[in-house]
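coords_38.pdb (PDB, C-alpha atoms and all ligand atoms) appears below.
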```
ATOM      1  CA  MET A   1      15.530 -25.937 -13.485  1.00  0.00           C
ATOM      2  CA  GLU A   2      12.756 -25.280 -15.924  1.00  0.00           C
ATOM      3  CA  ASP A   3      13.185 -22.207 -18.048  1.00  0.00           C
ATOM      4  CA  VAL A   4      11.024 -19.437 -16.591  1.00  0.00           C
ATOM      5  CA  PRO A   5       9.675 -17.192 -19.316  1.00  0.00           C
ATOM      6  CA  GLN A   6      10.576 -13.545 -18.737  1.00  0.00           C
ATOM      7  CA  ILE A   7       7.216 -11.901 -18.182  1.00  0.00           C
ATOM      8  CA  GLY A   8       7.452  -8.209 -18.919  1.00  0.00           C
ATOM      9  CA  TYR A   9       7.984  -6.099 -15.849  1.00  0.00           C
ATOM     10  CA  SER A  10       7.998  -2.372 -16.458  1.00  0.00           C
ATOM     11  CA  GLU A  11      11.041  -0.348 -15.482  1.00  0.00           C
ATOM     12  CA  LYS A  12       8.998   1.235 -12.721  1.00  0.00           C
ATOM     13  CA  VAL A  13       8.183  -2.146 -11.221  1.00  0.00           C
ATOM     14  CA  MET A  14      11.850  -3.094 -11.331  1.00  0.00           C
ATOM     15  CA  ASP A  15      12.843   0.216  -9.749  1.00  0.00           C
ATOM     16  CA  HIS A  16      10.405  -0.119  -6.849  1.00  0.00           C
ATOM     17  CA  PHE A  17      11.342  -3.776  -6.446  1.00  0.00           C
ATOM     18  CA  MET A  18      15.067  -3.044  -6.334  1.00  0.00           C
ATOM     19  CA  ASN A  19      14.768   0.193  -4.318  1.00  0.00           C
ATOM     20  CA  PRO A  20      11.584  -0.097  -2.300  1.00  0.00           C
ATOM     21  CA  ARG A  21      10.411   3.099  -0.599  1.00  0.00           C
ATOM     22  CA  ASN A  22       9.067   3.270   2.939  1.00  0.00           C
ATOM     23  CA  VAL A  23      10.066  -0.170   4.170  1.00  0.00           C
ATOM     24  CA  GLY A  24       9.515  -0.872   7.861  1.00  0.00           C
ATOM     25  CA  SER A  25       6.979   0.120  10.487  1.00  0.00           C
ATOM     26  CA  VAL A  26       5.838   3.571  11.519  1.00  0.00           C
ATOM     27  CA  GLU A  27       6.732   4.300  15.135  1.00  0.00           C
ATOM     28  CA  ASN A  28       3.656   4.434  17.379  1.00  0.00           C
ATOM     29  CA  PRO A  29       1.337   3.851  14.421  1.00  0.00           C
ATOM     30  CA  ASP A  30      -2.171   5.302  14.367  1.00  0.00           C
ATOM     31  CA  GLY A  31      -3.375   2.361  12.324  1.00  0.00           C
ATOM     32  CA  VAL A  32      -2.072  -1.018  11.169  1.00  0.00           C
ATOM     33  CA  GLY A  33      -3.442  -3.278   8.462  1.00  0.00           C
ATOM     34  CA  ARG A  34      -2.361  -6.875   7.912  1.00  0.00           C
ATOM     35  CA  VAL A  35      -3.547  -9.053   5.094  1.00  0.00           C
ATOM     36  CA  GLY A  36      -2.694 -12.414   3.645  1.00  0.00           C
ATOM     37  CA  ASN A  37      -3.006 -13.156  -0.042  1.00  0.00           C
ATOM     38  CA  PRO A  38      -5.375 -16.077  -0.574  1.00  0.00           C
ATOM     39  CA  VAL A  39      -3.782 -16.866  -3.939  1.00  0.00           C
ATOM     40  CA  CYS A  40      -0.199 -17.377  -2.786  1.00  0.00           C
ATOM     41  CA  GLY A  41      -0.353 -17.128   1.021  1.00  0.00           C
ATOM     42  CA  ASP A  42       2.019 -14.139   1.162  1.00  0.00           C
ATOM     43  CA  LEU A  43       1.648 -11.499   3.858  1.00  0.00           C
ATOM     44  CA  MET A  44       1.597  -7.716   3.937  1.00  0.00           C
ATOM     45  CA  GLU A  45       1.535  -5.174   6.751  1.00  0.00           C
ATOM     46  CA  VAL A  46       0.983  -1.448   6.311  1.00  0.00           C
ATOM     47  CA  SER A  47       1.271   1.020   9.201  1.00  0.00           C
ATOM     48  CA  ILE A  48       0.174   4.640   9.080  1.00  0.00           C
ATOM     49  CA  LYS A  49       0.677   7.880  10.943  1.00  0.00           C
ATOM     50  CA  VAL A  50      -2.215  10.331  10.751  1.00  0.00           C
ATOM     51  CA  GLU A  51      -2.184  14.013  11.601  1.00  0.00           C
ATOM     52  CA  ASP A  52      -5.282  16.172  11.130  1.00  0.00           C
ATOM     53  CA  GLY A  53      -6.828  13.561   8.875  1.00  0.00           C
ATOM     54  CA  ILE A  54      -3.781  13.403   6.594  1.00  0.00           C
ATOM     55  CA  LEU A  55      -1.503  10.383   6.192  1.00  0.00           C
ATOM     56  CA  THR A  56       1.830  11.879   7.136  1.00  0.00           C
ATOM     57  CA  ASP A  57       3.712   8.586   7.113  1.00  0.00           C
ATOM     58  CA  VAL A  58       3.053   5.193   5.573  1.00  0.00           C
ATOM     59  CA  LYS A  59       5.335   2.174   5.766  1.00  0.00           C
ATOM     60  CA  PHE A  60       5.127  -1.467   4.775  1.00  0.00           C
ATOM     61  CA  LYS A  61       6.608  -4.831   5.600  1.00  0.00           C
ATOM     62  CA  THR A  62       5.950  -7.872   3.503  1.00  0.00           C
ATOM     63  CA  PHE A  63       6.693 -11.510   3.030  1.00  0.00           C
ATOM     64  CA  GLY A  64       5.713 -11.289  -0.584  1.00  0.00           C
ATOM     65  CA  CYS A  65       7.115 -11.583  -4.062  1.00  0.00           C
ATOM     66  CA  GLY A  66       8.838  -8.863  -6.055  1.00  0.00           C
ATOM     67  CA  SER A  67       5.550  -7.560  -7.423  1.00  0.00           C
ATOM     68  CA  ALA A  68       4.165  -7.318  -3.894  1.00  0.00           C
ATOM     69  CA  ILE A  69       7.221  -5.322  -2.829  1.00  0.00           C
ATOM     70  CA  ALA A  70       6.944  -3.003  -5.828  1.00  0.00           C
ATOM     71  CA  THR A  71       3.214  -2.419  -5.381  1.00  0.00           C
ATOM     72  CA  ALA A  72       3.568  -1.841  -1.634  1.00  0.00           C
ATOM     73  CA  SER A  73       6.335   0.651  -2.269  1.00  0.00           C
ATOM     74  CA  MET A  74       4.119   2.450  -4.791  1.00  0.00           C
ATOM     75  CA  VAL A  75       1.069   2.379  -2.495  1.00  0.00           C
ATOM     76  CA  THR A  76       2.995   4.015   0.332  1.00  0.00           C
ATOM     77  CA  GLU A  77       4.190   6.723  -2.053  1.00  0.00           C
ATOM     78  CA  LEU A  78       0.673   7.292  -3.397  1.00  0.00           C
ATOM     79  CA  ALA A  79      -0.938   7.384   0.048  1.00  0.00           C
ATOM     80  CA  LYS A  80       1.486   9.757   1.734  1.00  0.00           C
ATOM     81  CA  GLY A  81       0.124  13.274   2.044  1.00  0.00           C
ATOM     82  CA  LYS A  82      -3.417  12.198   1.132  1.00  0.00           C
ATOM     83  CA  THR A  83      -6.474  12.490   3.357  1.00  0.00           C
ATOM     84  CA  LEU A  84      -7.869   9.264   4.792  1.00  0.00           C
ATOM     85  CA  ASP A  85     -10.745   9.364   2.309  1.00  0.00           C
ATOM     86  CA  GLU A  86      -8.464   9.939  -0.655  1.00  0.00           C
ATOM     87  CA  ALA A  87      -6.137   7.148   0.428  1.00  0.00           C
ATOM     88  CA  ASP A  88      -9.110   4.873   0.974  1.00  0.00           C
ATOM     89  CA  LYS A  89     -10.006   5.323  -2.696  1.00  0.00           C
ATOM     90  CA  ILE A  90      -6.635   4.124  -3.998  1.00  0.00           C
ATOM     91  CA  THR A  91      -7.504   0.954  -5.881  1.00  0.00           C
ATOM     92  CA  ARG A  92      -5.451  -2.027  -6.907  1.00  0.00           C
ATOM     93  CA  GLN A  93      -5.862  -0.840 -10.465  1.00  0.00           C
ATOM     94  CA  ASP A  94      -4.490   2.624  -9.583  1.00  0.00           C
ATOM     95  CA  VAL A  95      -1.381   1.002  -8.184  1.00  0.00           C
ATOM     96  CA  ALA A  96      -0.893  -1.234 -11.198  1.00  0.00           C
ATOM     97  CA  ASP A  97      -1.470   1.721 -13.558  1.00  0.00           C
ATOM     98  CA  GLU A  98       1.014   3.865 -11.651  1.00  0.00           C
ATOM     99  CA  LEU A  99       3.565   1.085 -12.041  1.00  0.00           C
ATOM    100  CA  GLU A 100       2.877   1.052 -15.791  1.00  0.00           C
ATOM    101  CA  GLY A 101       1.243  -2.332 -15.584  1.00  0.00           C
ATOM    102  CA  LEU A 102       1.835  -5.690 -14.025  1.00  0.00           C
ATOM    103  CA  PRO A 103       1.821  -9.020 -15.825  1.00  0.00           C
ATOM    104  CA  PRO A 104      -1.741 -10.405 -15.598  1.00  0.00           C
ATOM    105  CA  ARG A 105      -0.644 -13.351 -13.487  1.00  0.00           C
ATOM    106  CA  LYS A 106       0.841 -10.907 -10.972  1.00  0.00           C
ATOM    107  CA  MET A 107      -2.183  -8.634 -10.605  1.00  0.00           C
ATOM    108  CA  HIS A 108      -3.233 -10.467  -7.458  1.00  0.00           C
ATOM    109  CA  CYS A 109      -0.025  -9.266  -5.809  1.00  0.00           C
ATOM    110  CA  SER A 110      -1.175  -5.664  -6.076  1.00  0.00           C
ATOM    111  CA  ASN A 111      -4.235  -6.559  -4.014  1.00  0.00           C
ATOM    112  CA  LEU A 112      -2.112  -7.159  -0.963  1.00  0.00           C
ATOM    113  CA  ALA A 113      -0.748  -3.632  -0.696  1.00  0.00           C
ATOM    114  CA  ALA A 114      -4.000  -1.806  -1.442  1.00  0.00           C
ATOM    115  CA  ASP A 115      -5.967  -4.058   0.894  1.00  0.00           C
ATOM    116  CA  ALA A 116      -3.443  -3.626   3.716  1.00  0.00           C
ATOM    117  CA  LEU A 117      -3.601   0.154   3.301  1.00  0.00           C
ATOM    118  CA  HIS A 118      -7.409   0.104   3.447  1.00  0.00           C
ATOM    119  CA  LYS A 119      -7.277  -2.088   6.553  1.00  0.00           C
ATOM    120  CA  ALA A 120      -4.836   0.299   8.236  1.00  0.00           C
ATOM    121  CA  ILE A 121      -7.251   3.172   7.548  1.00  0.00           C
ATOM    122  CA  GLU A 122     -10.130   1.092   8.903  1.00  0.00           C
ATOM    123  CA  ASP A 123      -8.058   0.343  11.998  1.00  0.00           C
ATOM    124  CA  TYR A 124      -7.346   4.040  12.456  1.00  0.00           C
ATOM    125  CA  ARG A 125     -11.054   4.848  12.178  1.00  0.00           C
ATOM    126  CA  GLU A 126     -11.933   2.179  14.708  1.00  0.00           C
ATOM    127  CA  ARG A 127      -9.354   3.515  17.138  1.00  0.00           C
ATOM    128  CA  HIS A 128     -10.322   7.160  16.612  1.00  0.00           C
ATOM    129  CA  GLY A 129     -14.035   7.417  15.985  1.00  0.00           C
ATOM    130  CA  GLU A 130     -13.540  10.966  14.807  1.00  0.00           C
ATOM    131  CA  GLY A 131     -11.095  10.181  12.011  1.00  0.00           C
ATOM    132  CA  LYS A 132     -13.624  10.481   9.251  1.00  0.00           C
ATOM    133  CA  GLU A 133     -14.912  13.930  10.188  1.00  0.00           C
ATOM    134  CA  LYS A 134     -11.379  15.193  10.539  1.00  0.00           C
ATOM    135  CA  ALA A 135     -10.482  13.979   7.075  1.00  0.00           C
ATOM    136  CA  GLU A 136     -13.531  15.675   5.637  1.00  0.00           C
ATOM    137  CA  GLU A 137     -12.679  18.920   7.416  1.00  0.00           C
ATOM    138  CA  ALA A 138      -9.134  18.735   6.103  1.00  0.00           C
ATOM    139  CA  ALA A 139     -10.381  18.054   2.576  1.00  0.00           C
ATOM    140  CA  ALA A 140     -12.778  20.999   2.780  1.00  0.00           C
ATOM    141  CA  GLU A 141     -10.084  23.442   3.880  1.00  0.00           C
TER
HETATM  142  S1  LIG B 201       3.091 -14.122  -5.502  1.00  0.00           S
HETATM  143 FE1  LIG B 201       2.415 -13.674  -3.504  1.00  0.00          FE
HETATM  144  S2  LIG B 201       2.238 -11.560  -3.451  1.00  0.00           S
HETATM  145 FE2  LIG B 201       2.964 -11.978  -5.404  1.00  0.00          FE
END
```
If you convert what's in this file into structure tokens, what do you get?
Amino acid sequence: MEDVPQIGYSEKVMDHFMNPRNVGSVENPDGVGRVGNPVCGDLMEVSIKVEDGILTDVKFKTFGCGSAIATASMVTELAKGKTLDEADKITRQDVADELEGLPPRKMHCSNLAADALHKAIEDYRERHGEGKEKAEEAAAE
């Protein structure tokens, strides 16, 4: 096998890859987002539980690489406890920064998790037309 150069993964990436948080599916989810990565064809699913406009539970399942697992794990951690609007603003860059960087050729992997989260929020809003107002109320309190 060809020698694969060791591209620097931060300790945080390795930790979330080896011990991913929030793996699985939320029971009776309020929203589900599924995305495929056009670059590599990998898949990601994020499911959310929402109470009073707050994400009380967030879980993920993926057929993705180690970076996808690490970023999904980090996204679920970042999103939990946030309002829908706050969670909607979590960017791919936020996730990568929180993980103390990803190798440039792996940045596309972080898209999967953030995009799946945003889709799950969109799904929630489509199912519950009132989701947005509730989140704003909760944020204002
Ligand atoms: S290579 Fe497919 S998600 Fe990373």
Explicit residues for the PyMOL selection byres (((not hetatm)) within 10 of (chain B and resi 201)) (as a VMD selection string): chain A and resid 36 to 44 62 to 72 105 to 113
Would you put the residues from that selection into a file with C-alpha atoms, as a compact mmCIF listing (two decimals), in the frame of the given file?
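Dumped to result.txt:
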```txt
# COMPACT_ATOMS: atom_id res chain seq x y z
CA GLY A 36 -2.69 -12.41 3.64
CA ASN A 37 -3.01 -13.16 -0.04
CA PRO A 38 -5.38 -16.08 -0.57
CA VAL A 39 -3.78 -16.87 -3.94
CA CYS A 40 -0.20 -17.38 -2.79
CA GLY A 41 -0.35 -17.13 1.02
CA ASP A 42 2.02 -14.14 1.16
CA LEU A 43 1.65 -11.50 3.86
CA MET A 44 1.60 -7.72 3.94
CA THR A 62 5.95 -7.87 3.50
CA PHE A 63 6.69 -11.51 3.03
CA GLY A 64 5.71 -11.29 -0.58
CA CYS A 65 7.12 -11.58 -4.06
CA GLY A 66 8.84 -8.86 -6.06
CA SER A 67 5.55 -7.56 -7.42
CA ALA A 68 4.16 -7.32 -3.89
CA ILE A 69 7.22 -5.32 -2.83
CA ALA A 70 6.94 -3.00 -5.83
CA THR A 71 3.21 -2.42 -5.38
CA ALA A 72 3.57 -1.84 -1.63
CA ARG A 105 -0.64 -13.35 -13.49
CA LYS A 106 0.84 -10.91 -10.97
CA MET A 107 -2.18 -8.63 -10.60
CA HIS A 108 -3.23 -10.47 -7.46
CA CYS A 109 -0.02 -9.27 -5.81
CA SER A 110 -1.18 -5.66 -6.08
CA ASN A 111 -4.24 -6.56 -4.01
CA LEU A 112 -2.11 -7.16 -0.96
CA ALA A 113 -0.75 -3.63 -0.70
```
Give me the result of the PyMOL selection byres (((chain A and resi 20) around 12) and not hetatm) on this file, residue by residue, as a list in words. Lys12, Val13, Met14, Asp15, His16, Phe17, Met18, Asn19, Arg21, Asn22, Val23, Gly24, Lys59, Phe60, Lys61, Thr62, Gly66, Ser67, Ala68, Ile69, Ala70, Thr71, Ala72, Ser73, Met74, Val75, Thr76 and Glu77 of chain A
Write the residues of the preceding selection, restricted to C-alpha atoms, as an mmCIF file, in the coordinates of the input.
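The resulting out_25.cif:
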```
data_model
loop_
_atom_site.group_PDB
_atom_site.id
_atom_site.type_symbol
_atom_site.label_atom_id
_atom_site.label_comp_id
_atom_site.auth_asym_id
_atom_site.auth_seq_id
_atom_site.Cartn_x
_atom_site.Cartn_y
_atom_site.Cartn_z
ATOM 1 C CA LYS A 12 8.998 1.235 -12.721
ATOM 2 C CA VAL A 13 8.183 -2.146 -11.221
ATOM 3 C CA MET A 14 11.850 -3.094 -11.331
ATOM 4 C CA ASP A 15 12.843 0.216 -9.749
ATOM 5 C CA HIS A 16 10.405 -0.119 -6.849
ATOM 6 C CA PHE A 17 11.342 -3.776 -6.446
ATOM 7 C CA MET A 18 15.067 -3.044 -6.334
ATOM 8 C CA ASN A 19 14.768 0.193 -4.318
ATOM 9 C CA ARG A 21 10.411 3.099 -0.599
ATOM 10 C CA ASN A 22 9.067 3.270 2.939
ATOM 11 C CA VAL A 23 10.066 -0.170 4.170
ATOM 12 C CA GLY A 24 9.515 -0.872 7.861
ATOM 13 C CA LYS A 59 5.335 2.174 5.766
ATOM 14 C CA PHE A 60 5.127 -1.467 4.775
ATOM 15 C CA LYS A 61 6.608 -4.831 5.600
ATOM 16 C CA THR A 62 5.950 -7.872 3.503
ATOM 17 C CA GLY A 66 8.838 -8.863 -6.055
ATOM 18 C CA SER A 67 5.550 -7.560 -7.423
ATOM 19 C CA ALA A 68 4.165 -7.318 -3.894
ATOM 20 C CA ILE A 69 7.221 -5.322 -2.829
ATOM 21 C CA ALA A 70 6.944 -3.003 -5.828
ATOM 22 C CA THR A 71 3.214 -2.419 -5.381
ATOM 23 C CA ALA A 72 3.568 -1.841 -1.634
ATOM 24 C CA SER A 73 6.335 0.651 -2.269
ATOM 25 C CA MET A 74 4.119 2.450 -4.791
ATOM 26 C CA VAL A 75 1.069 2.379 -2.495
ATOM 27 C CA THR A 76 2.995 4.015 0.332
ATOM 28 C CA GLU A 77 4.190 6.723 -2.053
#
```
Give me, please, the distance in Å between atom CA of A:Ile54 and atom CA of A:Gly101, quoted to one decimal.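 Computing the Euclidean distance for atom CA of A:Ile54 and atom CA of A:Gly101 yields 27.7 Å.
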Nearest to A:Glu126 among A:Glu11, A:Val32, A:Asp57, A:Ser25, with distances taken over all atoms listed in the file: which residue is it?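 Distance minimum relative to A:Glu126 lands on A:Val32.
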Pairwise distance for atom CA of A:Lys89 and atom CA of A:Lys119, rounded to one decimal in Å: 12.2 Å
Given all atoms listed in the file as the counted atoms, nearest of A:Glu122, A:Asp30, A:Glu100, A:Asp94 to A:Asp52: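 Smallest distance to A:Asp52 is found for A:Asp30.
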Pull out every residue that the PyMOL selection byres (((chain A and resi 49) around 8) and not hetatm) matches in the shown coordinates and put them as a ChimeraX atom specification. /A:26,28-31,47-48,50-51,55-58
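In terms of minimum interatomic distance to A:Ala87, A:Ile121 ranks closest within A:Pro104, A:Gly33, A:Ile121, A:Ala116, counting all atoms listed in the file.
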Kindly give the distance, in Å, that separates atom CA of A:Gly8 and atom CA of A:Ala79, rounded to a single decimal.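 Value for the atom CA of A:Gly8-atom CA of A:Ala79 distance: 25.9 Å.
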Minimum-distance residue to A:Leu99, chosen among A:Val35, A:Val46, A:Glu27, A:Leu78 (using all atoms listed in the file): A:Leu78
At the level of all heavy atoms, write stretch 98-109 of chain A to a file as an mmCIF file, in the first residue's frame, please.
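Saved the output as out-v5.cif:
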```
data_model
loop_
_atom_site.group_PDB
_atom_site.id
_atom_site.type_symbol
_atom_site.label_atom_id
_atom_site.label_comp_id
_atom_site.auth_asym_id
_atom_site.auth_seq_id
_atom_site.Cartn_x
_atom_site.Cartn_y
_atom_site.Cartn_z
ATOM 1 N N GLU A 98 -13.818 24.948 16.426
ATOM 2 C CA GLU A 98 -14.028 24.310 17.733
ATOM 3 C C GLU A 98 -13.185 23.044 17.846
ATOM 4 O O GLU A 98 -12.758 22.662 18.923
ATOM 5 C CB GLU A 98 -15.525 23.984 17.862
ATOM 6 C CG GLU A 98 -16.052 23.859 19.258
ATOM 7 C CD GLU A 98 -15.862 25.103 20.117
ATOM 8 O OE1 GLU A 98 -16.098 26.237 19.630
ATOM 9 O OE2 GLU A 98 -15.477 24.932 21.277
ATOM 10 N N LEU A 99 -12.948 22.413 16.731
ATOM 11 C CA LEU A 99 -12.130 21.189 16.714
ATOM 12 C C LEU A 99 -10.640 21.503 16.593
ATOM 13 O O LEU A 99 -9.832 20.600 16.415
ATOM 14 C CB LEU A 99 -12.551 20.288 15.547
ATOM 15 C CG LEU A 99 -13.842 19.500 15.725
ATOM 16 C CD1 LEU A 99 -14.283 18.903 14.397
ATOM 17 C CD2 LEU A 99 -13.701 18.411 16.766
ATOM 18 N N GLU A 100 -10.321 22.800 16.662
ATOM 19 C CA GLU A 100 -8.934 23.260 16.522
ATOM 20 C C GLU A 100 -8.370 22.909 15.148
ATOM 21 O O GLU A 100 -7.229 22.470 15.017
ATOM 22 C CB GLU A 100 -8.076 22.703 17.656
ATOM 23 C CG GLU A 100 -8.479 23.326 18.990
ATOM 24 C CD GLU A 100 -7.954 22.588 20.202
ATOM 25 O OE1 GLU A 100 -7.262 21.581 20.017
ATOM 26 O OE2 GLU A 100 -8.255 23.024 21.311
ATOM 27 N N GLY A 101 -9.225 23.057 14.158
ATOM 28 C CA GLY A 101 -8.792 22.917 12.777
ATOM 29 C C GLY A 101 -8.936 21.532 12.201
ATOM 30 O O GLY A 101 -8.925 20.537 12.918
ATOM 31 N N LEU A 102 -9.135 21.527 10.906
ATOM 32 C CA LEU A 102 -9.159 20.273 10.143
ATOM 33 C C LEU A 102 -8.173 20.447 9.001
ATOM 34 O O LEU A 102 -7.996 21.560 8.510
ATOM 35 C CB LEU A 102 -10.548 20.030 9.552
ATOM 36 C CG LEU A 102 -11.620 19.451 10.461
ATOM 37 C CD1 LEU A 102 -12.969 19.516 9.751
ATOM 38 C CD2 LEU A 102 -11.309 18.013 10.848
ATOM 39 N N PRO A 103 -7.553 19.373 8.562
ATOM 40 C CA PRO A 103 -6.676 19.503 7.393
ATOM 41 C C PRO A 103 -7.507 20.047 6.229
ATOM 42 O O PRO A 103 -8.673 19.677 6.089
ATOM 43 C CB PRO A 103 -6.244 18.058 7.120
ATOM 44 C CG PRO A 103 -6.458 17.340 8.413
ATOM 45 C CD PRO A 103 -7.624 18.012 9.077
ATOM 46 N N PRO A 104 -6.929 20.953 5.425
ATOM 47 C CA PRO A 104 -7.693 21.585 4.345
ATOM 48 C C PRO A 104 -8.443 20.585 3.472
ATOM 49 O O PRO A 104 -9.594 20.806 3.097
ATOM 50 C CB PRO A 104 -6.630 22.309 3.523
ATOM 51 C CG PRO A 104 -5.475 22.488 4.445
ATOM 52 C CD PRO A 104 -5.531 21.406 5.469
ATOM 53 N N ARG A 105 -7.827 19.457 3.194
ATOM 54 C CA ARG A 105 -8.502 18.505 2.297
ATOM 55 C C ARG A 105 -9.651 17.790 2.991
ATOM 56 O O ARG A 105 -10.375 17.017 2.360
ATOM 57 C CB ARG A 105 -7.495 17.508 1.721
ATOM 58 C CG ARG A 105 -6.717 16.787 2.808
ATOM 59 C CD ARG A 105 -5.603 15.985 2.222
ATOM 60 N NE ARG A 105 -6.121 14.859 1.451
ATOM 61 C CZ ARG A 105 -5.353 13.953 0.886
ATOM 62 N NH1 ARG A 105 -4.035 14.061 0.970
ATOM 63 N NH2 ARG A 105 -5.877 12.953 0.237
ATOM 64 N N LYS A 106 -9.827 18.039 4.285
ATOM 65 C CA LYS A 106 -10.929 17.416 5.022
ATOM 66 C C LYS A 106 -12.007 18.413 5.398
ATOM 67 O O LYS A 106 -12.983 18.052 6.056
ATOM 68 C CB LYS A 106 -10.373 16.753 6.302
ATOM 69 C CG LYS A 106 -9.652 15.465 6.030
ATOM 70 C CD LYS A 106 -10.666 14.388 5.703
ATOM 71 C CE LYS A 106 -10.027 13.119 5.215
ATOM 72 N NZ LYS A 106 -11.031 12.128 4.832
ATOM 73 N N MET A 107 -11.837 19.680 4.994
ATOM 74 C CA MET A 107 -12.833 20.688 5.364
ATOM 75 C C MET A 107 -14.213 20.331 4.831
ATOM 76 O O MET A 107 -15.212 20.613 5.454
ATOM 77 C CB MET A 107 -12.416 22.076 4.858
ATOM 78 C CG MET A 107 -11.455 22.807 5.765
ATOM 79 S SD MET A 107 -12.038 22.994 7.470
ATOM 80 C CE MET A 107 -13.247 24.309 7.293
ATOM 81 N N HIS A 108 -14.257 19.699 3.663
ATOM 82 C CA HIS A 108 -15.571 19.383 3.092
ATOM 83 C C HIS A 108 -16.362 18.437 3.996
ATOM 84 O O HIS A 108 -17.581 18.415 3.970
ATOM 85 C CB HIS A 108 -15.438 18.794 1.687
ATOM 86 C CG HIS A 108 -14.937 17.384 1.661
ATOM 87 N ND1 HIS A 108 -13.586 17.082 1.619
ATOM 88 C CD2 HIS A 108 -15.580 16.202 1.705
ATOM 89 C CE1 HIS A 108 -13.447 15.771 1.613
ATOM 90 N NE2 HIS A 108 -14.634 15.217 1.672
ATOM 91 N N CYS A 109 -15.662 17.674 4.816
ATOM 92 C CA CYS A 109 -16.330 16.723 5.700
ATOM 93 C C CYS A 109 -17.150 17.447 6.762
ATOM 94 O O CYS A 109 -18.185 16.949 7.201
ATOM 95 C CB CYS A 109 -15.324 15.811 6.382
ATOM 96 S SG CYS A 109 -14.129 15.108 5.238
#
```
